[in-house]
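Below is entry-v2.cif, holding mmCIF, C-alpha atoms and all ligand atoms; chains and numbers go by the auth columns.
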```cif
data_start
loop_
_atom_site.group_PDB
_atom_site.id
_atom_site.type_symbol
_atom_site.label_atom_id
_atom_site.label_comp_id
_atom_site.label_asym_id
_atom_site.label_seq_id
_atom_site.Cartn_x
_atom_site.Cartn_y
_atom_site.Cartn_z
_atom_site.B_iso_or_equiv
_atom_site.auth_seq_id
_atom_site.auth_asym_id
ATOM 1 C CA MET A 1 92.162 -26.065 18.437 0.00 1 A
ATOM 2 C CA ASN A 2 90.248 -26.111 15.127 0.00 2 A
ATOM 3 C CA ARG A 3 92.679 -26.317 12.227 0.00 3 A
ATOM 4 C CA LEU A 4 92.694 -27.291 8.577 0.00 4 A
ATOM 5 C CA PHE A 5 96.086 -28.307 7.223 0.00 5 A
ATOM 6 C CA ILE A 6 96.512 -27.805 3.498 0.00 6 A
ATOM 7 C CA GLY A 7 99.397 -27.792 1.028 0.00 7 A
ATOM 8 C CA THR A 8 100.508 -25.272 -1.580 0.00 8 A
ATOM 9 C CA ARG A 9 97.318 -24.029 -3.173 0.00 9 A
ATOM 10 C CA ARG A 10 98.631 -23.805 -6.711 0.00 10 A
ATOM 11 C CA TYR A 11 99.523 -27.520 -6.787 0.00 11 A
ATOM 12 C CA SER A 12 97.664 -29.364 -4.034 0.00 12 A
ATOM 13 C CA SER A 13 94.505 -30.620 -5.671 0.00 13 A
ATOM 14 C CA TRP A 14 93.572 -32.742 -2.639 0.00 14 A
ATOM 15 C CA SER A 15 93.873 -29.716 -0.374 0.00 15 A
ATOM 16 C CA LEU A 16 91.297 -27.923 -2.511 0.00 16 A
ATOM 17 C CA ARG A 17 88.988 -30.931 -2.004 0.00 17 A
ATOM 18 C CA GLY A 18 89.366 -30.520 1.759 0.00 18 A
ATOM 19 C CA TRP A 19 89.169 -26.747 1.896 0.00 19 A
ATOM 20 C CA LEU A 20 86.017 -26.304 -0.202 0.00 20 A
ATOM 21 C CA PRO A 21 83.669 -28.379 1.999 0.00 21 A
ATOM 22 C CA VAL A 22 85.046 -26.792 5.171 0.00 22 A
ATOM 23 C CA ARG A 23 84.276 -23.363 3.751 0.00 23 A
ATOM 24 C CA LEU A 24 80.908 -24.421 2.298 0.00 24 A
ATOM 25 C CA ALA A 25 79.936 -25.763 5.725 0.00 25 A
ATOM 26 C CA GLY A 26 81.168 -22.573 7.389 0.00 26 A
ATOM 27 C CA LEU A 27 83.380 -24.371 9.931 0.00 27 A
ATOM 28 C CA ASP A 28 85.429 -21.950 11.963 0.00 28 A
ATOM 29 C CA VAL A 29 88.968 -23.273 11.504 0.00 29 A
ATOM 30 C CA GLU A 30 92.407 -21.781 11.269 0.00 30 A
ATOM 31 C CA GLU A 31 94.144 -22.608 7.989 0.00 31 A
ATOM 32 C CA VAL A 32 97.662 -23.979 8.252 0.00 32 A
ATOM 33 C CA VAL A 33 99.481 -24.087 4.917 0.00 33 A
ATOM 34 C CA ILE A 34 102.469 -26.412 4.676 0.00 34 A
ATOM 35 C CA PRO A 35 104.220 -26.032 1.317 0.00 35 A
ATOM 36 C CA ILE A 36 104.520 -29.303 -0.552 0.00 36 A
ATOM 37 C CA GLY A 37 107.959 -30.275 -1.805 0.00 37 A
ATOM 38 C CA ALA A 38 109.498 -32.207 -4.667 0.00 38 A
ATOM 39 C CA GLY A 39 109.111 -35.356 -2.514 0.00 39 A
ATOM 40 C CA PRO A 40 107.259 -36.283 0.692 0.00 40 A
ATOM 41 C CA SER A 41 107.429 -33.441 3.224 0.00 41 A
ATOM 42 C CA GLN A 42 108.693 -34.052 6.753 0.00 42 A
ATOM 43 C CA ALA A 43 106.559 -31.149 8.009 0.00 43 A
ATOM 44 C CA ILE A 44 103.374 -32.715 6.562 0.00 44 A
ATOM 45 C CA ALA A 45 104.358 -36.122 7.954 0.00 45 A
ATOM 46 C CA GLU A 46 104.792 -34.643 11.434 0.00 46 A
ATOM 47 C CA ALA A 47 101.576 -32.581 11.402 0.00 47 A
ATOM 48 C CA THR A 48 99.110 -35.142 10.020 0.00 48 A
ATOM 49 C CA PRO A 49 98.082 -38.746 10.834 0.00 49 A
ATOM 50 C CA ALA A 50 98.621 -40.181 7.340 0.00 50 A
ATOM 51 C CA GLY A 51 101.398 -37.849 6.191 0.00 51 A
ATOM 52 C CA LEU A 52 98.998 -36.206 3.771 0.00 52 A
ATOM 53 C CA VAL A 53 97.065 -32.973 3.416 0.00 53 A
ATOM 54 C CA PRO A 54 94.236 -32.073 3.719 0.00 54 A
ATOM 55 C CA TYR A 55 93.828 -32.829 7.406 0.00 55 A
ATOM 56 C CA LEU A 56 91.117 -31.344 9.637 0.00 56 A
ATOM 57 C CA GLU A 57 91.013 -31.009 13.423 0.00 57 A
ATOM 58 C CA HIS A 58 87.589 -29.831 14.574 0.00 58 A
ATOM 59 C CA ASP A 59 85.999 -29.937 18.031 0.00 59 A
ATOM 60 C CA GLY A 60 87.868 -33.071 19.071 0.00 60 A
ATOM 61 C CA ALA A 61 87.473 -34.837 15.712 0.00 61 A
ATOM 62 C CA ARG A 62 90.489 -35.629 13.541 0.00 62 A
ATOM 63 C CA ILE A 63 89.630 -36.188 9.898 0.00 63 A
ATOM 64 C CA TRP A 64 91.917 -37.014 7.013 0.00 64 A
ATOM 65 C CA GLU A 65 91.179 -38.089 3.429 0.00 65 A
ATOM 66 C CA SER A 66 89.344 -35.460 1.418 0.00 66 A
ATOM 67 C CA LEU A 67 86.215 -37.561 0.962 0.00 67 A
ATOM 68 C CA ALA A 68 85.978 -38.162 4.717 0.00 68 A
ATOM 69 C CA ILE A 69 86.318 -34.391 5.222 0.00 69 A
ATOM 70 C CA CYS A 70 83.400 -33.900 2.790 0.00 70 A
ATOM 71 C CA GLU A 71 81.327 -36.389 4.765 0.00 71 A
ATOM 72 C CA TYR A 72 82.238 -34.736 8.079 0.00 72 A
ATOM 73 C CA CYS A 73 81.297 -31.307 6.729 0.00 73 A
ATOM 74 C CA ALA A 74 77.998 -32.693 5.443 0.00 74 A
ATOM 75 C CA GLU A 75 77.047 -33.434 9.067 0.00 75 A
ATOM 76 C CA PHE A 76 76.996 -29.657 9.594 0.00 76 A
ATOM 77 C CA PHE A 77 75.842 -28.730 6.087 0.00 77 A
ATOM 78 C CA PRO A 78 73.735 -31.576 4.644 0.00 78 A
ATOM 79 C CA ALA A 79 73.196 -29.681 1.374 0.00 79 A
ATOM 80 C CA LEU A 80 76.659 -30.852 0.332 0.00 80 A
ATOM 81 C CA TRP A 81 74.824 -33.956 -0.899 0.00 81 A
ATOM 82 C CA PRO A 82 71.601 -33.905 -2.944 0.00 82 A
ATOM 83 C CA GLU A 83 68.497 -34.368 -0.827 0.00 83 A
ATOM 84 C CA GLU A 84 66.876 -36.875 -3.156 0.00 84 A
ATOM 85 C CA ARG A 85 68.007 -40.509 -2.707 0.00 85 A
ATOM 86 C CA VAL A 86 68.738 -41.428 -6.335 0.00 86 A
ATOM 87 C CA ALA A 87 70.602 -38.187 -6.990 0.00 87 A
ATOM 88 C CA ARG A 88 72.517 -38.640 -3.738 0.00 88 A
ATOM 89 C CA ALA A 89 73.524 -42.158 -4.802 0.00 89 A
ATOM 90 C CA GLN A 90 74.850 -40.777 -8.089 0.00 90 A
ATOM 91 C CA ALA A 91 76.710 -37.982 -6.249 0.00 91 A
ATOM 92 C CA ARG A 92 78.349 -40.418 -3.833 0.00 92 A
ATOM 93 C CA SER A 93 79.292 -42.780 -6.665 0.00 93 A
ATOM 94 C CA ILE A 94 80.959 -40.162 -8.845 0.00 94 A
ATOM 95 C CA ALA A 95 82.675 -38.557 -5.841 0.00 95 A
ATOM 96 C CA SER A 96 84.062 -41.977 -4.830 0.00 96 A
ATOM 97 C CA GLU A 97 85.062 -42.742 -8.416 0.00 97 A
ATOM 98 C CA MET A 98 87.111 -39.537 -8.414 0.00 98 A
ATOM 99 C CA HIS A 99 88.638 -40.186 -5.020 0.00 99 A
ATOM 100 C CA ALA A 100 89.717 -43.706 -5.975 0.00 100 A
ATOM 101 C CA GLY A 101 90.678 -43.267 -9.592 0.00 101 A
ATOM 102 C CA PHE A 102 91.652 -41.177 -12.587 0.00 102 A
ATOM 103 C CA ARG A 103 95.309 -41.899 -11.971 0.00 103 A
ATOM 104 C CA GLY A 104 96.217 -41.450 -15.649 0.00 104 A
ATOM 105 C CA LEU A 105 94.835 -37.920 -15.642 0.00 105 A
ATOM 106 C CA ARG A 106 96.359 -37.036 -12.296 0.00 106 A
ATOM 107 C CA ALA A 107 99.806 -38.316 -13.248 0.00 107 A
ATOM 108 C CA ALA A 108 100.036 -36.767 -16.720 0.00 108 A
ATOM 109 C CA MET A 109 98.284 -33.472 -15.958 0.00 109 A
ATOM 110 C CA PRO A 110 99.284 -32.304 -12.475 0.00 110 A
ATOM 111 C CA MET A 111 97.274 -29.375 -11.204 0.00 111 A
ATOM 112 C CA ASN A 112 98.993 -26.030 -11.619 0.00 112 A
ATOM 113 C CA LEU A 113 96.519 -23.234 -11.051 0.00 113 A
ATOM 114 C CA LEU A 114 98.862 -20.473 -12.100 0.00 114 A
ATOM 115 C CA ARG A 115 99.708 -22.028 -15.426 0.00 115 A
ATOM 116 C CA HIS A 116 96.963 -20.705 -17.582 0.00 116 A
ATOM 117 C CA ASP A 117 97.964 -22.561 -20.725 0.00 117 A
ATOM 118 C CA TYR A 118 99.372 -26.063 -20.959 0.00 118 A
ATOM 119 C CA ALA A 119 97.239 -26.718 -24.044 0.00 119 A
ATOM 120 C CA GLY A 120 98.044 -30.016 -25.709 0.00 120 A
ATOM 121 C CA ARG A 121 100.394 -31.218 -22.966 0.00 121 A
ATOM 122 C CA GLY A 122 99.956 -34.280 -20.784 0.00 122 A
ATOM 123 C CA GLN A 123 97.954 -36.203 -23.366 0.00 123 A
ATOM 124 C CA THR A 124 98.614 -39.906 -22.861 0.00 124 A
ATOM 125 C CA PRO A 125 96.296 -42.827 -23.691 0.00 125 A
ATOM 126 C CA GLU A 126 95.561 -43.100 -19.958 0.00 126 A
ATOM 127 C CA SER A 127 94.869 -39.401 -19.368 0.00 127 A
ATOM 128 C CA LEU A 128 92.694 -39.183 -22.466 0.00 128 A
ATOM 129 C CA ALA A 129 90.716 -42.252 -21.385 0.00 129 A
ATOM 130 C CA ASP A 130 90.131 -40.633 -17.990 0.00 130 A
ATOM 131 C CA ILE A 131 89.043 -37.371 -19.643 0.00 131 A
ATOM 132 C CA PHE A 132 86.599 -39.299 -21.852 0.00 132 A
ATOM 133 C CA ARG A 133 85.071 -40.802 -18.698 0.00 133 A
ATOM 134 C CA VAL A 134 84.976 -37.433 -16.888 0.00 134 A
ATOM 135 C CA ASP A 135 83.240 -35.844 -19.863 0.00 135 A
ATOM 136 C CA LYS A 136 80.635 -38.625 -19.767 0.00 136 A
ATOM 137 C CA ILE A 137 80.127 -38.216 -16.011 0.00 137 A
ATOM 138 C CA PHE A 138 79.587 -34.467 -16.377 0.00 138 A
ATOM 139 C CA ALA A 139 77.191 -34.875 -19.305 0.00 139 A
ATOM 140 C CA GLU A 140 75.135 -37.748 -17.846 0.00 140 A
ATOM 141 C CA THR A 141 74.920 -36.283 -14.355 0.00 141 A
ATOM 142 C CA ARG A 142 73.903 -32.835 -15.505 0.00 142 A
ATOM 143 C CA GLU A 143 71.374 -34.227 -17.951 0.00 143 A
ATOM 144 C CA LYS A 144 69.718 -36.513 -15.376 0.00 144 A
ATOM 145 C CA PHE A 145 70.108 -34.460 -12.205 0.00 145 A
ATOM 146 C CA GLY A 146 71.260 -30.949 -13.144 0.00 146 A
ATOM 147 C CA ALA A 147 67.781 -29.484 -13.692 0.00 147 A
ATOM 148 C CA GLY A 148 69.257 -26.783 -15.893 0.00 148 A
ATOM 149 C CA GLY A 149 71.524 -25.455 -13.117 0.00 149 A
ATOM 150 C CA ASP A 150 75.197 -24.621 -13.475 0.00 150 A
ATOM 151 C CA PHE A 151 76.524 -27.507 -11.382 0.00 151 A
ATOM 152 C CA LEU A 152 76.350 -31.297 -11.445 0.00 152 A
ATOM 153 C CA PHE A 153 73.201 -31.448 -9.354 0.00 153 A
ATOM 154 C CA GLY A 154 71.670 -28.112 -10.243 0.00 154 A
ATOM 155 C CA GLU A 155 72.118 -24.759 -8.597 0.00 155 A
ATOM 156 C CA LYS A 156 73.951 -25.964 -5.495 0.00 156 A
ATOM 157 C CA PHE A 157 77.702 -26.478 -5.593 0.00 157 A
ATOM 158 C CA GLY A 158 78.042 -29.682 -3.570 0.00 158 A
ATOM 159 C CA ALA A 159 80.423 -32.463 -2.590 0.00 159 A
ATOM 160 C CA ALA A 160 80.521 -33.992 -6.079 0.00 160 A
ATOM 161 C CA ASP A 161 81.471 -30.608 -7.534 0.00 161 A
ATOM 162 C CA VAL A 162 84.106 -30.322 -4.798 0.00 162 A
ATOM 163 C CA MET A 163 85.688 -33.620 -5.778 0.00 163 A
ATOM 164 C CA TYR A 164 85.792 -32.617 -9.459 0.00 164 A
ATOM 165 C CA ALA A 165 86.928 -28.986 -8.949 0.00 165 A
ATOM 166 C CA PRO A 166 90.634 -29.889 -9.312 0.00 166 A
ATOM 167 C CA VAL A 167 89.787 -31.929 -12.426 0.00 167 A
ATOM 168 C CA VAL A 168 88.069 -28.863 -13.826 0.00 168 A
ATOM 169 C CA ALA A 169 91.224 -26.861 -13.027 0.00 169 A
ATOM 170 C CA ARG A 170 93.238 -29.328 -15.107 0.00 170 A
ATOM 171 C CA LEU A 171 90.767 -29.232 -18.002 0.00 171 A
ATOM 172 C CA LEU A 172 91.019 -25.433 -18.030 0.00 172 A
ATOM 173 C CA THR A 173 94.832 -25.508 -18.039 0.00 173 A
ATOM 174 C CA TYR A 174 95.537 -28.431 -20.388 0.00 174 A
ATOM 175 C CA ARG A 175 92.528 -27.809 -22.632 0.00 175 A
ATOM 176 C CA PRO A 176 91.869 -31.272 -24.016 0.00 176 A
ATOM 177 C CA ALA A 177 88.856 -31.618 -26.307 0.00 177 A
ATOM 178 C CA ILE A 178 85.700 -31.798 -24.179 0.00 178 A
ATOM 179 C CA SER A 179 82.023 -31.387 -24.944 0.00 179 A
ATOM 180 C CA PRO A 180 80.415 -27.919 -24.886 0.00 180 A
ATOM 181 C CA ALA A 181 78.313 -29.043 -21.889 0.00 181 A
ATOM 182 C CA SER A 182 81.459 -29.949 -19.950 0.00 182 A
ATOM 183 C CA GLN A 183 83.111 -26.702 -20.964 0.00 183 A
ATOM 184 C CA SER A 184 80.208 -24.644 -19.627 0.00 184 A
ATOM 185 C CA TYR A 185 80.312 -26.667 -16.386 0.00 185 A
ATOM 186 C CA CYS A 186 84.072 -25.985 -16.099 0.00 186 A
ATOM 187 C CA ASP A 187 83.478 -22.269 -16.579 0.00 187 A
ATOM 188 C CA ALA A 188 80.781 -22.274 -13.870 0.00 188 A
ATOM 189 C CA VAL A 189 83.058 -24.082 -11.386 0.00 189 A
ATOM 190 C CA ARG A 190 85.900 -21.657 -12.085 0.00 190 A
ATOM 191 C CA ALA A 191 83.531 -18.718 -11.482 0.00 191 A
ATOM 192 C CA HIS A 192 82.280 -20.056 -8.125 0.00 192 A
ATOM 193 C CA PRO A 193 83.301 -17.504 -5.444 0.00 193 A
ATOM 194 C CA LEU A 194 85.101 -20.055 -3.263 0.00 194 A
ATOM 195 C CA VAL A 195 87.001 -21.560 -6.205 0.00 195 A
ATOM 196 C CA ASP A 196 87.933 -18.061 -7.278 0.00 196 A
ATOM 197 C CA ALA A 197 89.082 -17.215 -3.742 0.00 197 A
ATOM 198 C CA TRP A 198 91.346 -20.293 -3.807 0.00 198 A
ATOM 199 C CA TYR A 199 92.876 -19.184 -7.136 0.00 199 A
ATOM 200 C CA ARG A 200 93.465 -15.683 -5.772 0.00 200 A
ATOM 201 C CA ALA A 201 95.138 -17.029 -2.630 0.00 201 A
ATOM 202 C CA ALA A 202 97.286 -19.325 -4.823 0.00 202 A
ATOM 203 C CA ALA A 203 98.477 -16.280 -6.760 0.00 203 A
ATOM 204 C CA GLU A 204 99.677 -14.718 -3.491 0.00 204 A
ATOM 205 C CA GLU A 205 101.898 -17.661 -2.547 0.00 205 A
ATOM 206 C CA PRO A 206 105.636 -16.999 -2.411 0.00 206 A
ATOM 207 C CA GLN A 207 107.803 -17.679 -5.422 0.00 207 A
ATOM 208 C CA SER A 208 109.957 -19.922 -3.228 0.00 208 A
ATOM 209 C CA TRP A 209 107.068 -22.474 -3.182 0.00 209 A
ATOM 210 C CA VAL A 210 107.266 -22.961 -6.960 0.00 210 A
ATOM 211 C CA LEU A 211 108.298 -26.510 -7.852 0.00 211 A
ATOM 212 C CA ALA A 212 110.108 -27.157 -11.127 0.00 212 A
ATOM 213 C CA LYS A 213 108.423 -30.530 -11.643 0.00 213 A
ATOM 214 C CA TYR A 214 105.016 -28.881 -12.019 0.00 214 A
ATOM 215 C CA GLU A 215 106.275 -26.012 -14.148 0.00 215 A
ATOM 216 C CA HIS A 216 107.733 -28.035 -17.001 0.00 216 A
ATOM 217 C CA VAL A 217 105.054 -30.575 -17.903 0.00 217 A
ATOM 218 C CA GLN A 218 105.475 -32.024 -21.401 0.00 218 A
HETATM 219 N N1 LIG B . 93.671 -39.640 -0.678 0.00 301 B
HETATM 220 C C1 LIG B . 94.147 -38.404 -0.071 0.00 301 B
HETATM 221 C C2 LIG B . 95.248 -37.829 -0.959 0.00 301 B
HETATM 222 C C3 LIG B . 95.982 -36.689 -0.270 0.00 301 B
HETATM 223 C C4 LIG B . 97.323 -36.364 -0.942 0.00 301 B
HETATM 224 O O1 LIG B . 97.853 -37.163 -1.738 0.00 301 B
HETATM 225 N N2 LIG B . 97.877 -35.200 -0.593 0.00 301 B
HETATM 226 C C5 LIG B . 99.205 -34.805 -1.077 0.00 301 B
HETATM 227 C C6 LIG B . 99.222 -33.346 -1.500 0.00 301 B
HETATM 228 S S1 LIG B . 98.129 -33.021 -2.863 0.00 301 B
HETATM 229 C C7 LIG B . 100.194 -34.915 0.063 0.00 301 B
HETATM 230 O O2 LIG B . 99.888 -34.562 1.186 0.00 301 B
HETATM 231 N N3 LIG B . 101.403 -35.432 -0.206 0.00 301 B
HETATM 232 C C8 LIG B . 102.411 -35.582 0.814 0.00 301 B
HETATM 233 C C9 LIG B . 103.507 -34.563 0.736 0.00 301 B
HETATM 234 O O3 LIG B . 103.491 -33.718 -0.188 0.00 301 B
HETATM 235 O O4 LIG B . 104.371 -34.628 1.608 0.00 301 B
HETATM 236 C C10 LIG B . 92.962 -37.465 0.119 0.00 301 B
HETATM 237 O O5 LIG B . 91.917 -37.699 -0.495 0.00 301 B
HETATM 238 O O6 LIG B . 93.016 -36.522 0.925 0.00 301 B
#
```
Just give me the structure of the file as structure tokens.
Amino acid sequence: MNRLFIGTRRYSSWSLRGWLPVRLAGLDVEEVVIPIGAGPSQAIAEATPAGLVPYLEHDGARIWESLAICEYCAEFFPALWPEERVARAQARSIASEMHAGFRGLRAAMPMNLLRHDYAGRGQTPESLADIFRVDKIFAETREKFGAGGDFLFGEKFGAADVMYAPVVARLLTYRPAISPASQSYCDAVRAHPLVDAWYRAAAEEPQSWVLAKYEHVQ
């Protein structure tokens, strides 16, 4: 059975990083949504190898970790990574940097897609340092590799954009000061049809999945 396990769309930033490449690659999978809870979920622990979503089962392969899901999807849809070697190296580096880091940002500014305005909240020295670095990554990457396109590596929305899409969601909700170039990138990511589809599905989720800890960020 081909299945993609994801968590609550409004909060689960890692699930978005798994879902986007699966959809970009056009894999035919059934989506299984397991609502995330205030603490670790027994249902997620039972359904997935590492007790984490996203988790993909596809034609006998079992893949967990969002970056591994990106790599798996790129086997079917190589355009997830830039074709050119130097650009591809940059894409892999910034995607890995996201996957392994930015803990200050993630802790202080949890993703909440349905909160349209948390302006000024979540600003800690650590989150602001991470945002400074993200802003630099967006600016440098687009300047060197963007070729005037909307996304990090030009016209194609690829794996690096996937890894930063939940960061963009946070920047749009918490509205820290970012450069105009980063702002226009954020607007382009938000307007991408798949990102928009994820937001619309998040808005359809039941009220009973709302978690107080993500609704009262200071
Ligand atoms: N490094 C993992 C992180 C995955 C992760 O932390 N997922 C969270 C949801 S966003 C989760 O499943 N938490 C366990 C739970 O809620 O029970 C990845 O890249 O996929």
Worksheet entry | Answer as a PyMOL selection string, residues within 12 Å of (82.9, -36.7, 3.9) using only C-alpha atoms | chain A and resi 17-22+25+56+63-78+80-81+91-92+95-96+99+158-160+162-163
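Atom CA of Ala87 of chain A lies 24.3 Å from atom CA of Pro193 of chain A.
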Could you list, as a compact mmCIF listing (two decimals) with C-alpha atoms, in the coordinates of the input, all residues that come within 8 Å of ligand LIG 301 (chain B)? Count only C-alpha atoms and all ligand atoms.
```txt
# COMPACT_ATOMS: atom_id res chain seq x y z
CA ILE A 6 96.51 -27.80 3.50
CA GLY A 7 99.40 -27.79 1.03
CA TYR A 11 99.52 -27.52 -6.79
CA SER A 12 97.66 -29.36 -4.03
CA SER A 13 94.50 -30.62 -5.67
CA TRP A 14 93.57 -32.74 -2.64
CA SER A 15 93.87 -29.72 -0.37
CA ARG A 17 88.99 -30.93 -2.00
CA GLY A 18 89.37 -30.52 1.76
CA PRO A 35 104.22 -26.03 1.32
CA ILE A 36 104.52 -29.30 -0.55
CA GLY A 37 107.96 -30.28 -1.80
CA ALA A 38 109.50 -32.21 -4.67
CA GLY A 39 109.11 -35.36 -2.51
CA PRO A 40 107.26 -36.28 0.69
CA SER A 41 107.43 -33.44 3.22
CA GLN A 42 108.69 -34.05 6.75
CA ALA A 43 106.56 -31.15 8.01
CA ILE A 44 103.37 -32.72 6.56
CA ALA A 45 104.36 -36.12 7.95
CA GLY A 51 101.40 -37.85 6.19
CA LEU A 52 99.00 -36.21 3.77
CA VAL A 53 97.06 -32.97 3.42
CA PRO A 54 94.24 -32.07 3.72
CA TYR A 55 93.83 -32.83 7.41
CA TRP A 64 91.92 -37.01 7.01
CA GLU A 65 91.18 -38.09 3.43
CA SER A 66 89.34 -35.46 1.42
CA LEU A 67 86.22 -37.56 0.96
CA ALA A 68 85.98 -38.16 4.72
CA HIS A 99 88.64 -40.19 -5.02
CA ALA A 100 89.72 -43.71 -5.98
```
Worksheet entry | Separation of atom CA of Glu83 of chain A from atom CA of Trp198 of chain A, in Å and rounded to one decimal | 27.0 Å
Box in all listed atoms of segment 129-142 of chain A, axis-aligned, with 6 Å more on each side; write out centre and edge lengths in Å to one decimal as JSON.
```
{"center_x": 82.3, "center_y": -37.5, "center_z": -18.1, "size_x": 28.8, "size_y": 21.4, "size_z": 19.5}
```
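A straight line drawn from atom CA of Ala50 of chain A to atom CA of Leu4 of chain A is 14.2 Å long.
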Please write the residues picked by the PyMOL selection byres (((chain A and resi 200) around 12) and not hetatm) on this file as an mmCIF file with C-alpha atoms, in the coordinates of the input.
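part-v2.cif, written as the output of this step:
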```
data_model
loop_
_atom_site.group_PDB
_atom_site.id
_atom_site.type_symbol
_atom_site.label_atom_id
_atom_site.label_comp_id
_atom_site.auth_asym_id
_atom_site.auth_seq_id
_atom_site.Cartn_x
_atom_site.Cartn_y
_atom_site.Cartn_z
ATOM 1 C CA ARG A 9 97.318 -24.029 -3.173
ATOM 2 C CA ARG A 10 98.631 -23.805 -6.711
ATOM 3 C CA LEU A 113 96.519 -23.234 -11.051
ATOM 4 C CA LEU A 114 98.862 -20.473 -12.100
ATOM 5 C CA ARG A 190 85.900 -21.657 -12.085
ATOM 6 C CA ALA A 191 83.531 -18.718 -11.482
ATOM 7 C CA PRO A 193 83.301 -17.504 -5.444
ATOM 8 C CA LEU A 194 85.101 -20.055 -3.263
ATOM 9 C CA VAL A 195 87.001 -21.560 -6.205
ATOM 10 C CA ASP A 196 87.933 -18.061 -7.278
ATOM 11 C CA ALA A 197 89.082 -17.215 -3.742
ATOM 12 C CA TRP A 198 91.346 -20.293 -3.807
ATOM 13 C CA TYR A 199 92.876 -19.184 -7.136
ATOM 14 C CA ALA A 201 95.138 -17.029 -2.630
ATOM 15 C CA ALA A 202 97.286 -19.325 -4.823
ATOM 16 C CA ALA A 203 98.477 -16.280 -6.760
ATOM 17 C CA GLU A 204 99.677 -14.718 -3.491
ATOM 18 C CA GLU A 205 101.898 -17.661 -2.547
#
```
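Of the listed residues (A:Tyr185, A:Phe151, A:Phe145, A:Phe102), A:Phe145 comes nearest to Arg85 of chain A; the distances count only C-alpha atoms.
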Worksheet item: Expanded to explicit residues, what is the PyMOL selection byres (((chain A and resi 177) around 10) and not hetatm) for this file, as a list in words?
Response: Ala119, Gly120, Leu128, Ile131, Phe132, Asp135, Leu171, Tyr174, Arg175, Pro176, Ile178, Ser179, Pro180, Ser182 and Gln183 of chain A
Fill in: Exercise: residues within 10 Å of coordinate (93.9, -19.6, 10.9), counting all atoms listed in the file, as a list in words
Asn2, Arg3, Leu4, Phe5, Asp28, Val29, Glu30, Glu31, Val32 and Val33 of chain A
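Residue nearest Gly60 of chain A, chosen from A:Glu97, A:Met1, A:Lys136, A:Gln123 and counting only C-alpha atoms: A:Met1.
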Worksheet entry | Nearest to Met111 of chain A by atom-to-atom distance, counting only C-alpha atoms, from A:Ala79, A:Leu24, A:Ala181, A:Leu16 | A:Leu16
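Nearest to Met109 of chain A of all the residues A:Leu172, A:Glu143, A:Ala212, A:Gly148 is A:Leu172, based on all atoms listed in the file.
Checking A:Leu152, A:Ala107, A:Ala47, A:Val217 one by one against Ala188 of chain A, counting only C-alpha atoms, you find the shortest gap at A:Leu152.
Remark: for Arg115 of chain A, the closest of the candidate residues A:Arg170, A:Leu27, A:Glu57, A:Lys144 is A:Arg170 (distances computed over all atoms listed in the file).
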